[in-house]
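For reference, the structure discussed in these notes is given below.
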Amino acid sequence: GVRELIVVAQDTTYYGLDLYGKVRLAELLRRLNDVEGLEWIRVLYAYPIHFTDELIDTLAQTPKIVPYLDLPLQHINDRILKRMQRRVNRAETEELLSRLRRAIPNLALRTTFIVGFPGETEAEFEELCNFVQAAHFERVGVFPYSPEPGTPAMRLPDHLPEEVKHQRRDRLMEIQQEIAFAWAREQVGKELEVLVDGPDPEMPGYVLARSYADAPDIDCVVRLKSKGLHAGDLVRARITGADGYDLVARALCVR
């Protein structure tokens with residue numbers, strides 16, 4: 001009875017290297033596409049390092065894979081990325097984003113950033129802010145750096161005050177909020193397929209659903225006005241309003 005399958009790992013694009021000696025996420029996704037009963041396949045936590053042309057083509061051309069991708073970037077400044085031990089730089093990241101946008105129409109990109117990493121300067125943080133403003137990610141999470149015992153970052157010099165880290169988190173989220181609210185407003189009037197999760201506990205007569213752009217628990221919801229809908233229903237819906245990050249819709253038909 002499962003309608004949506006979420007493929008997630010510590011690094012999803014790494015899949016296959018430990019088992020077969022080469023990345024095989026693309027092959028795995030194509031085989032999952034053949035599983036009867038599945039309607040949506042969603043890929044989360046796909047780091048940029050192991051992306052291949054085959055994987056991009058698979059994401060773009062496999063019918064059940066929704067046009068959504070969680071691509072944790074963490075930062076964009078080259079010096080900070082190196083301190084984080086990320087193996088991509090800004091130029092490679094921007095090239096990958098461009099390839100994904102060209103290949104996958106209506107792609108909803110989710111990413112996460114860490115602000116206040118040890119040694120992050122105000123100029124490097126500003127570079128990140130400008131990047132987020134220009135990239136127009138549909139979904140973004142921002143986290144202040146948190147020391148974890150035993151990690152290499154703990155041994156780095158120039159740890160920042162908690163106040164600075166939280167101020168930077170709030171500022172970057174303010175930038176992203178404008179982008180996300182604008183994206184939500186742009187959906188008004190469109191017809192989208194949504195997946196019902198269950199009754200809306202806050203609004204009687206409504207159910208909570210999600211569009212292709214919404215992973216459960218971490219992204220937004222679609223509040224859907226209709227009777228007789230149940231968890232697991234796939235519904236064609238017309239978006240009638242935007243409420244901040246979330247959407248409001250009216251059911252047209254159930255598939």
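Chain labels follow the order of the structure tokens: the first chain is A, the next B, and so on; residue numbering restarts at 1 in every chain, and ligands are counted from 1 in their shown order.
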- Message: Quick check for you: according to DSSP on this backbone, which residues of region 19-137 of chain A are classed as alpha helix (DSSP H)? Reply as JSON, numbers by chain.
- Response: {"A": [19, 20, 25, 26, 27, 28, 29, 30, 31, 32, 53, 54, 55, 56, 57, 58, 59, 60, 61, 78, 79, 80, 81, 82, 83, 90, 91, 92, 93, 94, 95, 96, 97, 98, 99, 100, 101, 102, 103, 122, 123, 124, 125, 126, 127, 128, 129, 130, 131, 132, 133, 134, 135]}
- Message: List as a list in words the protein and nucleic acid residues near Gly116 (chain A), meaning an atom at most 9 Å away when only C-alpha atoms are counted, but skip any in the same chain fewer than 4 places from it.
- Response: Glu120, Thr121, Phe125, Phe143, Pro144, Tyr145, Ser146, His159, Leu160, Pro161, Glu162, Val164, Lys165, His166, Arg168 and Arg169 of chain A
Step one, run DSSP on the backbone; step two, keep only residues of region 16-254 of chain A assigned to strand (DSSP E); then write them as a CSV table (one decimal) with all heavy atoms, in the first residue's frame.
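Generated output (selection01.csv):
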chain,number,residue,atom,x,y,z
A,40,TRP,N,5.4,7.6,-6.3
A,40,TRP,CA,6.4,8.6,-6.2
A,40,TRP,C,7.7,8.1,-5.6
A,40,TRP,O,7.7,7.3,-4.6
A,40,TRP,CB,5.9,9.8,-5.2
A,40,TRP,CG,4.9,10.7,-5.8
A,40,TRP,CD1,4.2,10.6,-7.0
A,40,TRP,CD2,4.4,11.8,-5.1
A,40,TRP,NE1,3.3,11.6,-7.1
A,40,TRP,CE2,3.4,12.4,-6.0
A,40,TRP,CE3,4.6,12.4,-3.9
A,40,TRP,CZ2,2.7,13.5,-5.6
A,40,TRP,CZ3,3.9,13.6,-3.5
A,40,TRP,CH2,2.9,14.1,-4.4
A,41,ILE,N,8.8,8.4,-6.2
A,41,ILE,CA,10.1,8.2,-5.6
A,41,ILE,C,10.8,9.5,-5.4
A,41,ILE,O,10.9,10.3,-6.3
A,41,ILE,CB,11.0,7.2,-6.5
A,41,ILE,CG1,10.3,5.9,-6.7
A,41,ILE,CG2,12.4,7.0,-5.9
A,41,ILE,CD1,10.9,5.0,-7.8
A,42,ARG,N,11.3,9.7,-4.2
A,42,ARG,CA,12.0,11.0,-3.8
A,42,ARG,C,13.4,10.7,-3.3
A,42,ARG,O,13.6,9.8,-2.4
A,42,ARG,CB,11.1,11.6,-2.7
A,42,ARG,CG,11.5,13.1,-2.3
A,42,ARG,CD,10.7,13.6,-1.2
A,42,ARG,NE,9.2,13.6,-1.5
A,42,ARG,CZ,8.6,14.6,-2.1
A,42,ARG,NH1,9.3,15.7,-2.5
A,42,ARG,NH2,7.3,14.5,-2.4
A,43,VAL,N,14.3,11.5,-3.7
A,43,VAL,CA,15.7,11.3,-3.4
A,43,VAL,C,16.2,12.4,-2.4
A,43,VAL,O,16.1,13.6,-2.8
A,43,VAL,CB,16.6,11.3,-4.6
A,43,VAL,CG1,18.1,11.1,-4.2
A,43,VAL,CG2,16.2,10.2,-5.5
A,65,ILE,N,10.1,9.1,-10.4
A,65,ILE,CA,10.9,10.0,-9.6
A,65,ILE,C,10.4,11.4,-9.7
A,65,ILE,O,10.3,12.0,-10.8
A,65,ILE,CB,12.4,10.0,-10.1
A,65,ILE,CG1,13.0,8.6,-9.9
A,65,ILE,CG2,13.2,11.0,-9.3
A,65,ILE,CD1,14.4,8.5,-10.4
A,66,VAL,N,9.9,12.0,-8.6
A,66,VAL,CA,9.4,13.3,-8.6
A,66,VAL,C,10.5,14.3,-8.8
A,66,VAL,O,11.7,14.1,-8.5
A,66,VAL,CB,8.6,13.7,-7.3
A,66,VAL,CG1,7.4,12.8,-7.1
A,66,VAL,CG2,9.6,13.5,-6.1
A,67,PRO,N,10.2,15.5,-9.4
A,67,PRO,CA,11.2,16.5,-9.7
A,67,PRO,C,11.6,17.3,-8.4
A,67,PRO,O,11.3,18.5,-8.3
A,67,PRO,CB,10.6,17.4,-10.8
A,67,PRO,CG,9.1,17.3,-10.5
A,67,PRO,CD,8.9,15.9,-10.0
A,68,TYR,N,12.2,16.6,-7.5
A,68,TYR,CA,12.6,17.1,-6.2
A,68,TYR,C,14.0,16.5,-5.9
A,68,TYR,O,14.2,15.3,-6.1
A,68,TYR,CB,11.6,16.7,-5.2
A,68,TYR,CG,11.9,17.1,-3.7
A,68,TYR,CD1,11.3,18.2,-3.1
A,68,TYR,CD2,12.8,16.3,-3.0
A,68,TYR,CE1,11.6,18.5,-1.8
A,68,TYR,CE2,13.1,16.6,-1.7
A,68,TYR,CZ,12.5,17.7,-1.1
A,68,TYR,OH,12.8,18.0,0.2
A,69,LEU,N,14.9,17.3,-5.3
A,69,LEU,CA,16.2,16.8,-5.0
A,69,LEU,C,16.7,17.5,-3.8
A,69,LEU,O,16.7,18.7,-3.7
A,69,LEU,CB,17.2,16.9,-6.1
A,69,LEU,CG,18.5,16.2,-6.0
A,69,LEU,CD1,18.4,14.7,-5.8
A,69,LEU,CD2,19.4,16.6,-7.1
A,70,ASP,N,17.1,16.7,-2.8
A,70,ASP,CA,17.7,17.3,-1.6
A,70,ASP,C,19.3,17.2,-1.8
A,70,ASP,O,19.8,16.1,-1.8
A,70,ASP,CB,17.3,16.5,-0.4
A,70,ASP,CG,18.0,16.9,0.9
A,70,ASP,OD1,18.5,18.1,1.0
A,70,ASP,OD2,18.1,16.1,1.9
A,108,ALA,N,12.3,21.1,-7.9
A,108,ALA,CA,12.3,21.7,-6.6
A,108,ALA,C,13.6,21.3,-5.9
A,108,ALA,O,13.7,20.1,-5.6
A,108,ALA,CB,11.1,21.3,-5.8
A,109,LEU,N,14.5,22.2,-5.6
A,109,LEU,CA,15.7,21.9,-5.0
A,109,LEU,C,15.7,22.2,-3.5
A,109,LEU,O,15.3,23.4,-3.1
A,109,LEU,CB,16.9,22.7,-5.6
A,109,LEU,CG,17.5,22.1,-6.9
A,109,LEU,CD1,18.5,23.0,-7.5
A,109,LEU,CD2,18.2,20.7,-6.5
A,110,ARG,N,16.0,21.3,-2.7
A,110,ARG,CA,16.2,21.5,-1.2
A,110,ARG,C,17.7,21.5,-0.9
A,110,ARG,O,18.4,20.6,-1.5
A,110,ARG,CB,15.5,20.5,-0.4
A,110,ARG,CG,16.0,20.4,1.0
A,110,ARG,CD,15.2,19.6,2.0
A,110,ARG,NE,14.1,20.4,2.5
A,110,ARG,CZ,14.3,21.3,3.5
A,110,ARG,NH1,15.5,21.4,4.1
A,110,ARG,NH2,13.3,22.0,4.0
A,111,THR,N,18.1,22.4,0.0
A,111,THR,CA,19.5,22.3,0.4
A,111,THR,C,19.6,22.7,1.9
A,111,THR,O,18.6,23.3,2.4
A,111,THR,CB,20.5,23.1,-0.5
A,111,THR,OG1,21.8,22.8,-0.1
A,111,THR,CG2,20.2,24.6,-0.3
A,112,THR,N,20.7,22.5,2.5
A,112,THR,CA,21.0,22.9,3.8
A,112,THR,C,22.3,23.6,3.9
A,112,THR,O,23.3,23.3,3.2
A,112,THR,CB,21.0,21.7,4.8
A,112,THR,OG1,21.8,20.7,4.3
A,112,THR,CG2,19.6,21.2,5.0
A,113,PHE,N,22.4,24.6,4.8
A,113,PHE,CA,23.6,25.3,5.0
A,113,PHE,C,24.0,25.4,6.5
A,113,PHE,O,23.0,25.4,7.3
A,113,PHE,CB,23.5,26.8,4.5
A,113,PHE,CG,23.3,26.9,3.0
A,113,PHE,CD1,22.1,27.2,2.5
A,113,PHE,CD2,24.3,26.6,2.1
A,113,PHE,CE1,21.9,27.3,1.1
A,113,PHE,CE2,24.2,26.6,0.7
A,113,PHE,CZ,22.9,27.0,0.2
A,114,ILE,N,25.2,25.4,6.8
A,114,ILE,CA,25.7,25.6,8.1
A,114,ILE,C,26.4,27.0,8.2
A,114,ILE,O,27.3,27.3,7.4
A,114,ILE,CB,26.8,24.5,8.5
A,114,ILE,CG1,26.1,23.1,8.5
A,114,ILE,CG2,27.4,24.8,9.9
A,114,ILE,CD1,27.0,22.0,8.7
A,115,VAL,N,25.9,27.8,9.1
A,115,VAL,CA,26.5,29.1,9.3
A,115,VAL,C,27.3,29.2,10.6
A,115,VAL,O,27.0,28.4,11.5
A,115,VAL,CB,25.5,30.3,9.3
A,115,VAL,CG1,24.8,30.3,7.9
A,115,VAL,CG2,24.4,30.1,10.4
A,139,ARG,N,13.5,25.2,-1.4
A,139,ARG,CA,13.5,24.7,0.0
A,139,ARG,C,14.9,24.9,0.6
A,139,ARG,O,15.9,24.4,0.0
A,139,ARG,CB,13.1,23.3,0.2
A,139,ARG,CG,11.7,23.0,-0.5
A,139,ARG,CD,10.6,23.5,0.3
A,139,ARG,NE,9.3,23.2,-0.2
A,139,ARG,CZ,8.5,24.0,-0.8
A,139,ARG,NH1,8.8,25.3,-1.0
A,139,ARG,NH2,7.3,23.6,-1.3
A,140,VAL,N,15.1,25.5,1.8
A,140,VAL,CA,16.4,25.6,2.4
A,140,VAL,C,16.2,25.5,3.9
A,140,VAL,O,15.3,26.0,4.5
A,140,VAL,CB,17.0,27.0,2.1
A,140,VAL,CG1,18.2,27.3,3.0
A,140,VAL,CG2,17.4,27.2,0.7
A,141,GLY,N,17.2,24.7,4.5
A,141,GLY,CA,17.3,24.7,6.0
A,141,GLY,C,18.6,25.3,6.3
A,141,GLY,O,19.6,25.1,5.6
A,142,VAL,N,18.7,26.1,7.4
A,142,VAL,CA,19.9,26.7,7.9
A,142,VAL,C,20.1,26.3,9.3
A,142,VAL,O,19.2,26.5,10.2
A,142,VAL,CB,19.8,28.2,7.7
A,142,VAL,CG1,21.1,28.9,8.2
A,142,VAL,CG2,19.5,28.6,6.3
A,143,PHE,N,21.3,25.9,9.6
A,143,PHE,CA,21.7,25.5,11.0
A,143,PHE,C,22.9,26.2,11.5
A,143,PHE,O,23.9,26.3,10.7
A,143,PHE,CB,21.9,24.0,11.0
A,143,PHE,CG,20.7,23.2,10.6
A,143,PHE,CD1,20.6,22.8,9.2
A,143,PHE,CD2,19.7,22.9,11.4
A,143,PHE,CE1,19.6,22.1,8.8
A,143,PHE,CE2,18.6,22.2,11.0
A,143,PHE,CZ,18.5,21.8,9.6
A,144,PRO,N,22.9,26.8,12.7
A,144,PRO,CA,24.2,27.3,13.3
A,144,PRO,C,25.1,26.1,13.6
A,144,PRO,O,24.7,25.1,14.0
A,144,PRO,CB,23.7,28.0,14.5
A,144,PRO,CG,22.4,27.4,14.9
A,144,PRO,CD,21.8,26.9,13.6
A,191,GLU,N,-2.7,23.6,-11.2
A,191,GLU,CA,-3.1,22.3,-10.8
A,191,GLU,C,-1.9,21.4,-10.5
A,191,GLU,O,-1.0,21.3,-11.3
A,191,GLU,CB,-4.0,21.6,-11.9
A,191,GLU,CG,-5.3,22.3,-12.1
A,191,GLU,CD,-6.2,21.6,-13.1
A,191,GLU,OE1,-5.9,20.4,-13.5
A,191,GLU,OE2,-7.2,22.1,-13.5
A,192,LEU,N,-1.9,20.8,-9.3
A,192,LEU,CA,-0.8,19.9,-8.9
A,192,LEU,C,-1.4,18.6,-8.4
A,192,LEU,O,-2.5,18.5,-7.8
A,192,LEU,CB,0.0,20.6,-7.8
A,192,LEU,CG,0.7,21.9,-8.1
A,192,LEU,CD1,1.4,22.4,-6.8
A,192,LEU,CD2,1.8,21.7,-9.2
A,193,GLU,N,-0.6,17.5,-8.6
A,193,GLU,CA,-1.0,16.3,-7.9
A,193,GLU,C,-0.4,16.3,-6.5
A,193,GLU,O,0.8,16.7,-6.3
A,193,GLU,CB,-0.4,15.1,-8.7
A,193,GLU,CG,-0.9,13.8,-8.1
A,193,GLU,CD,-0.4,12.6,-9.0
A,193,GLU,OE1,0.8,12.4,-9.2
A,193,GLU,OE2,-1.3,11.9,-9.5
A,194,VAL,N,-1.2,16.0,-5.5
A,194,VAL,CA,-0.8,16.0,-4.1
A,194,VAL,C,-1.1,14.6,-3.5
A,194,VAL,O,-2.0,13.9,-3.9
A,194,VAL,CB,-1.4,17.1,-3.3
A,194,VAL,CG1,-1.1,18.5,-3.9
A,194,VAL,CG2,-2.9,17.0,-3.2
A,195,LEU,N,-0.3,14.3,-2.5
A,195,LEU,CA,-0.5,13.0,-1.8
A,195,LEU,C,-1.0,13.3,-0.4
A,195,LEU,O,-0.4,14.1,0.4
A,195,LEU,CB,0.9,12.3,-1.7
A,195,LEU,CG,0.9,11.0,-0.9
A,195,LEU,CD1,0.1,9.9,-1.6
A,195,LEU,CD2,2.4,10.5,-0.9
A,196,VAL,N,-2.1,12.7,0.0
A,196,VAL,CA,-2.7,13.0,1.3
A,196,VAL,C,-2.0,12.2,2.4
A,196,VAL,O,-1.8,11.0,2.3
A,196,VAL,CB,-4.2,12.6,1.2
A,196,VAL,CG1,-4.9,12.8,2.6
A,196,VAL,CG2,-5.0,13.4,0.2
A,197,ASP,N,-1.7,12.9,3.5
A,197,ASP,CA,-1.1,12.3,4.6
A,197,ASP,C,-2.1,12.0,5.7
A,197,ASP,O,-1.9,11.1,6.5
A,197,ASP,CB,0.0,13.2,5.2
A,197,ASP,CG,1.3,13.1,4.4
A,197,ASP,OD1,1.5,12.1,3.8
A,197,ASP,OD2,2.1,14.1,4.4
A,198,GLY,N,-3.2,12.8,5.8
A,198,GLY,CA,-4.2,12.5,6.8
A,198,GLY,C,-5.0,13.8,7.2
A,198,GLY,O,-4.8,14.8,6.6
A,199,PRO,N,-5.9,13.7,8.2
A,199,PRO,CA,-6.7,14.9,8.5
A,199,PRO,C,-5.8,16.0,9.0
A,199,PRO,O,-4.7,15.8,9.6
A,199,PRO,CB,-7.6,14.3,9.7
A,199,PRO,CG,-7.5,12.8,9.5
A,199,PRO,CD,-6.2,12.5,8.9
A,206,TYR,N,-10.6,19.8,6.4
A,206,TYR,CA,-9.4,19.7,5.5
A,206,TYR,C,-8.5,18.5,5.8
A,206,TYR,O,-8.6,18.0,6.9
A,206,TYR,CB,-8.5,21.0,5.7
A,206,TYR,CG,-9.1,22.3,5.1
A,206,TYR,CD1,-10.2,22.9,5.6
A,206,TYR,CD2,-8.5,22.8,3.9
A,206,TYR,CE1,-10.7,24.1,5.1
A,206,TYR,CE2,-9.0,23.9,3.4
A,206,TYR,CZ,-10.0,24.6,3.9
A,206,TYR,OH,-10.5,25.7,3.3
A,207,VAL,N,-7.7,18.1,4.8
A,207,VAL,CA,-6.7,17.1,5.0
A,207,VAL,C,-5.4,17.8,4.7
A,207,VAL,O,-5.3,18.8,4.0
A,207,VAL,CB,-6.9,15.9,4.1
A,207,VAL,CG1,-8.1,15.1,4.6
A,207,VAL,CG2,-6.9,16.3,2.7
A,208,LEU,N,-4.3,17.2,5.3
A,208,LEU,CA,-2.9,17.6,5.0
A,208,LEU,C,-2.4,16.8,3.9
A,208,LEU,O,-2.4,15.5,3.9
A,208,LEU,CB,-2.0,17.5,6.2
A,208,LEU,CG,-2.3,18.5,7.4
A,208,LEU,CD1,-1.4,18.2,8.5
A,208,LEU,CD2,-2.3,19.9,6.9
A,209,ALA,N,-1.9,17.4,2.9
A,209,ALA,CA,-1.3,16.7,1.7
A,209,ALA,C,0.1,17.4,1.4
A,209,ALA,O,0.4,18.4,2.0
A,209,ALA,CB,-2.2,16.8,0.5
A,210,ARG,N,0.7,16.7,0.5
A,210,ARG,CA,2.0,17.3,0.0
A,210,ARG,C,2.1,17.2,-1.5
A,210,ARG,O,1.6,16.3,-2.1
A,210,ARG,CB,3.2,16.5,0.6
A,210,ARG,CG,3.3,16.6,2.1
A,210,ARG,CD,4.5,15.8,2.7
A,210,ARG,NE,4.1,14.4,2.6
A,210,ARG,CZ,4.6,13.5,1.8
A,210,ARG,NH1,5.5,13.9,0.8
A,210,ARG,NH2,4.3,12.2,1.8
A,222,VAL,N,0.2,21.1,1.9
A,222,VAL,CA,-0.9,21.6,1.1
A,222,VAL,C,-2.1,21.2,1.9
A,222,VAL,O,-2.4,20.1,2.2
A,222,VAL,CB,-1.0,20.9,-0.3
A,222,VAL,CG1,-2.1,21.5,-1.0
A,222,VAL,CG2,0.3,21.1,-1.0
A,223,ARG,N,-2.9,22.3,2.3
A,223,ARG,CA,-4.1,22.1,3.1
A,223,ARG,C,-5.2,22.0,2.0
A,223,ARG,O,-5.5,22.9,1.3
A,223,ARG,CB,-4.4,23.2,4.0
A,223,ARG,CG,-3.5,23.2,5.2
A,223,ARG,CD,-3.9,24.2,6.3
A,223,ARG,NE,-3.4,23.7,7.6
A,223,ARG,CZ,-2.2,24.0,8.1
A,223,ARG,NH1,-1.4,24.7,7.4
A,223,ARG,NH2,-1.9,23.5,9.3
A,224,LEU,N,-5.9,20.8,2.0
A,224,LEU,CA,-6.8,20.4,0.9
A,224,LEU,C,-8.2,20.3,1.5
A,224,LEU,O,-8.5,19.5,2.4
A,224,LEU,CB,-6.3,19.1,0.4
A,224,LEU,CG,-7.0,18.6,-0.9
A,224,LEU,CD1,-6.7,19.6,-2.1
A,224,LEU,CD2,-6.4,17.2,-1.3
A,225,LYS,N,-9.1,21.1,0.9
A,225,LYS,CA,-10.5,21.1,1.4
A,225,LYS,C,-11.3,20.1,0.5
A,225,LYS,O,-11.4,20.2,-0.7
A,225,LYS,CB,-11.1,22.5,1.2
A,225,LYS,CG,-12.5,22.5,1.8
A,225,LYS,CD,-13.1,23.9,1.8
A,225,LYS,CE,-14.5,24.0,2.4
A,225,LYS,NZ,-15.1,25.3,2.4
A,234,LEU,N,-3.9,9.9,-3.9
A,234,LEU,CA,-3.3,10.9,-4.8
A,234,LEU,C,-4.4,11.7,-5.5
A,234,LEU,O,-5.3,11.1,-6.1
A,234,LEU,CB,-2.4,10.1,-5.9
A,234,LEU,CG,-1.0,9.8,-5.4
A,234,LEU,CD1,-0.4,8.8,-6.4
A,234,LEU,CD2,-0.1,11.0,-5.3
A,235,VAL,N,-4.3,13.0,-5.4
A,235,VAL,CA,-5.4,13.9,-5.7
A,235,VAL,C,-4.9,15.0,-6.7
A,235,VAL,O,-3.8,15.6,-6.4
A,235,VAL,CB,-6.0,14.5,-4.5
A,235,VAL,CG1,-7.2,15.4,-4.9
A,235,VAL,CG2,-6.4,13.5,-3.5
A,236,ARG,N,-5.7,15.1,-7.8
A,236,ARG,CA,-5.4,16.3,-8.6
A,236,ARG,C,-6.1,17.5,-7.9
A,236,ARG,O,-7.3,17.4,-7.6
A,236,ARG,CB,-6.0,16.1,-10.0
A,236,ARG,CG,-5.5,17.1,-11.0
A,236,ARG,CD,-4.1,16.8,-11.4
A,236,ARG,NE,-3.5,17.9,-12.3
A,236,ARG,CZ,-2.3,17.9,-12.6
A,236,ARG,NH1,-1.4,17.1,-12.2
A,236,ARG,NH2,-1.9,18.9,-13.5
A,237,ALA,N,-5.4,18.6,-7.7
A,237,ALA,CA,-5.9,19.7,-6.9
A,237,ALA,C,-5.6,21.0,-7.6
A,237,ALA,O,-4.5,21.1,-8.2
A,237,ALA,CB,-5.4,19.6,-5.5
A,238,ARG,N,-6.4,22.0,-7.4
A,238,ARG,CA,-6.2,23.3,-7.8
A,238,ARG,C,-5.7,24.1,-6.6
A,238,ARG,O,-6.4,24.2,-5.6
A,238,ARG,CB,-7.4,23.9,-8.5
A,238,ARG,CG,-7.1,25.3,-9.0
A,238,ARG,CD,-8.4,25.9,-9.7
A,238,ARG,NE,-8.9,25.1,-10.7
A,238,ARG,CZ,-8.4,25.1,-12.0
A,238,ARG,NH1,-7.4,25.9,-12.3
A,238,ARG,NH2,-8.9,24.3,-12.9
A,239,ILE,N,-4.6,24.8,-6.8
A,239,ILE,CA,-4.1,25.6,-5.7
A,239,ILE,C,-4.9,26.9,-5.7
A,239,ILE,O,-4.9,27.7,-6.6
A,239,ILE,CB,-2.6,25.9,-5.9
A,239,ILE,CG1,-1.8,24.6,-6.1
A,239,ILE,CG2,-2.0,26.7,-4.7
A,239,ILE,CD1,-2.0,23.6,-5.0
A,240,THR,N,-5.5,27.2,-4.5
A,240,THR,CA,-6.4,28.4,-4.4
A,240,THR,C,-5.8,29.5,-3.6
A,240,THR,O,-6.3,30.6,-3.5
A,240,THR,CB,-7.7,28.0,-3.8
A,240,THR,OG1,-7.5,27.4,-2.5
A,240,THR,CG2,-8.4,27.0,-4.7
A,241,GLY,N,-4.7,29.2,-2.8
A,241,GLY,CA,-4.1,30.2,-2.0
A,241,GLY,C,-2.8,29.8,-1.4
A,241,GLY,O,-2.4,28.6,-1.5
A,242,ALA,N,-2.0,30.8,-1.0
A,242,ALA,CA,-0.7,30.6,-0.3
A,242,ALA,C,-0.8,31.2,1.1
A,242,ALA,O,-1.2,32.3,1.2
A,242,ALA,CB,0.4,31.2,-1.1
A,243,ASP,N,-0.3,30.4,2.0
A,243,ASP,CA,-0.3,30.8,3.4
A,243,ASP,C,1.1,30.7,4.0
A,243,ASP,O,1.5,29.7,4.6
A,243,ASP,CB,-1.3,29.9,4.3
A,243,ASP,CG,-1.3,30.4,5.7
A,243,ASP,OD1,-0.8,31.5,6.0
A,243,ASP,OD2,-1.8,29.6,6.6
A,246,ASP,N,3.1,27.5,3.2
A,246,ASP,CA,2.1,26.4,2.8
A,246,ASP,C,1.2,26.8,1.7
A,246,ASP,O,1.0,28.0,1.4
A,246,ASP,CB,1.4,26.0,4.0
A,246,ASP,CG,2.3,25.4,5.1
A,246,ASP,OD1,3.3,24.8,4.8
A,246,ASP,OD2,2.0,25.5,6.3
A,247,LEU,N,0.5,25.8,1.1
A,247,LEU,CA,-0.5,26.1,0.1
A,247,LEU,C,-1.9,25.6,0.6
A,247,LEU,O,-2.0,24.7,1.4
A,247,LEU,CB,-0.1,25.3,-1.2
A,247,LEU,CG,1.2,25.7,-1.8
A,247,LEU,CD1,1.5,24.8,-3.0
A,247,LEU,CD2,1.3,27.2,-2.2
A,248,VAL,N,-2.9,26.2,0.0
A,248,VAL,CA,-4.3,25.8,0.2
A,248,VAL,C,-4.8,25.4,-1.2
A,248,VAL,O,-4.6,26.1,-2.2
A,248,VAL,CB,-5.1,27.0,0.8
A,248,VAL,CG1,-6.5,26.5,1.0
A,248,VAL,CG2,-4.5,27.5,2.1
A,249,ALA,N,-5.6,24.3,-1.2
A,249,ALA,CA,-6.1,23.8,-2.5
A,249,ALA,C,-7.5,23.2,-2.4
A,249,ALA,O,-8.0,22.9,-1.3
A,249,ALA,CB,-5.1,22.8,-3.0
A,250,ARG,N,-8.0,22.9,-3.5
A,250,ARG,CA,-9.3,22.3,-3.6
A,250,ARG,C,-9.2,21.0,-4.5
A,250,ARG,O,-8.6,21.1,-5.6
A,250,ARG,CB,-10.4,23.3,-4.3
A,250,ARG,CG,-11.7,22.7,-4.5
A,250,ARG,CD,-12.7,23.8,-5.0
A,250,ARG,NE,-12.2,24.5,-6.1
A,250,ARG,CZ,-12.4,24.1,-7.4
A,250,ARG,NH1,-13.1,23.0,-7.6
A,250,ARG,NH2,-12.0,24.8,-8.4
A,251,ALA,N,-9.7,19.9,-4.0
A,251,ALA,CA,-9.6,18.7,-4.8
A,251,ALA,C,-10.4,18.7,-6.0
A,251,ALA,O,-11.6,19.2,-6.0
A,251,ALA,CB,-10.0,17.5,-3.9
A,252,LEU,N,-9.8,18.2,-7.1
A,252,LEU,CA,-10.5,18.1,-8.4
A,252,LEU,C,-10.9,16.6,-8.7
A,252,LEU,O,-12.1,16.4,-9.1
A,252,LEU,CB,-9.7,18.6,-9.5
A,252,LEU,CG,-9.3,20.1,-9.4
A,252,LEU,CD1,-8.3,20.5,-10.6
A,252,LEU,CD2,-10.5,21.0,-9.4
A,253,CYS,N,-10.0,15.7,-8.5
A,253,CYS,CA,-10.3,14.3,-8.7
A,253,CYS,C,-9.2,13.5,-8.0
A,253,CYS,O,-8.1,13.9,-7.7
A,253,CYS,CB,-10.3,14.0,-10.2
A,253,CYS,SG,-8.8,14.2,-11.1
A,254,VAL,N,-9.6,12.2,-7.7
A,254,VAL,CA,-8.7,11.3,-7.0
A,254,VAL,C,-8.3,10.2,-8.0
A,254,VAL,O,-9.1,9.7,-8.7
A,254,VAL,CB,-9.5,10.6,-5.8
A,254,VAL,CG1,-8.5,9.7,-5.0
A,254,VAL,CG2,-10.0,11.7,-4.8
- With only C-alpha atoms as the basis for distance, which of A:Ala153, A:Leu128, A:Met173, A:Ala60 is at the shortest distance from Arg99 (chain A)? A:Ala60
- Residue neighbourhood region 23-31 of chain A, 6 Å, only C-alpha atoms, exclusion window fewer than 4 positions, as an MDAnalysis selection string: chainID A and resid 14:17 55 58
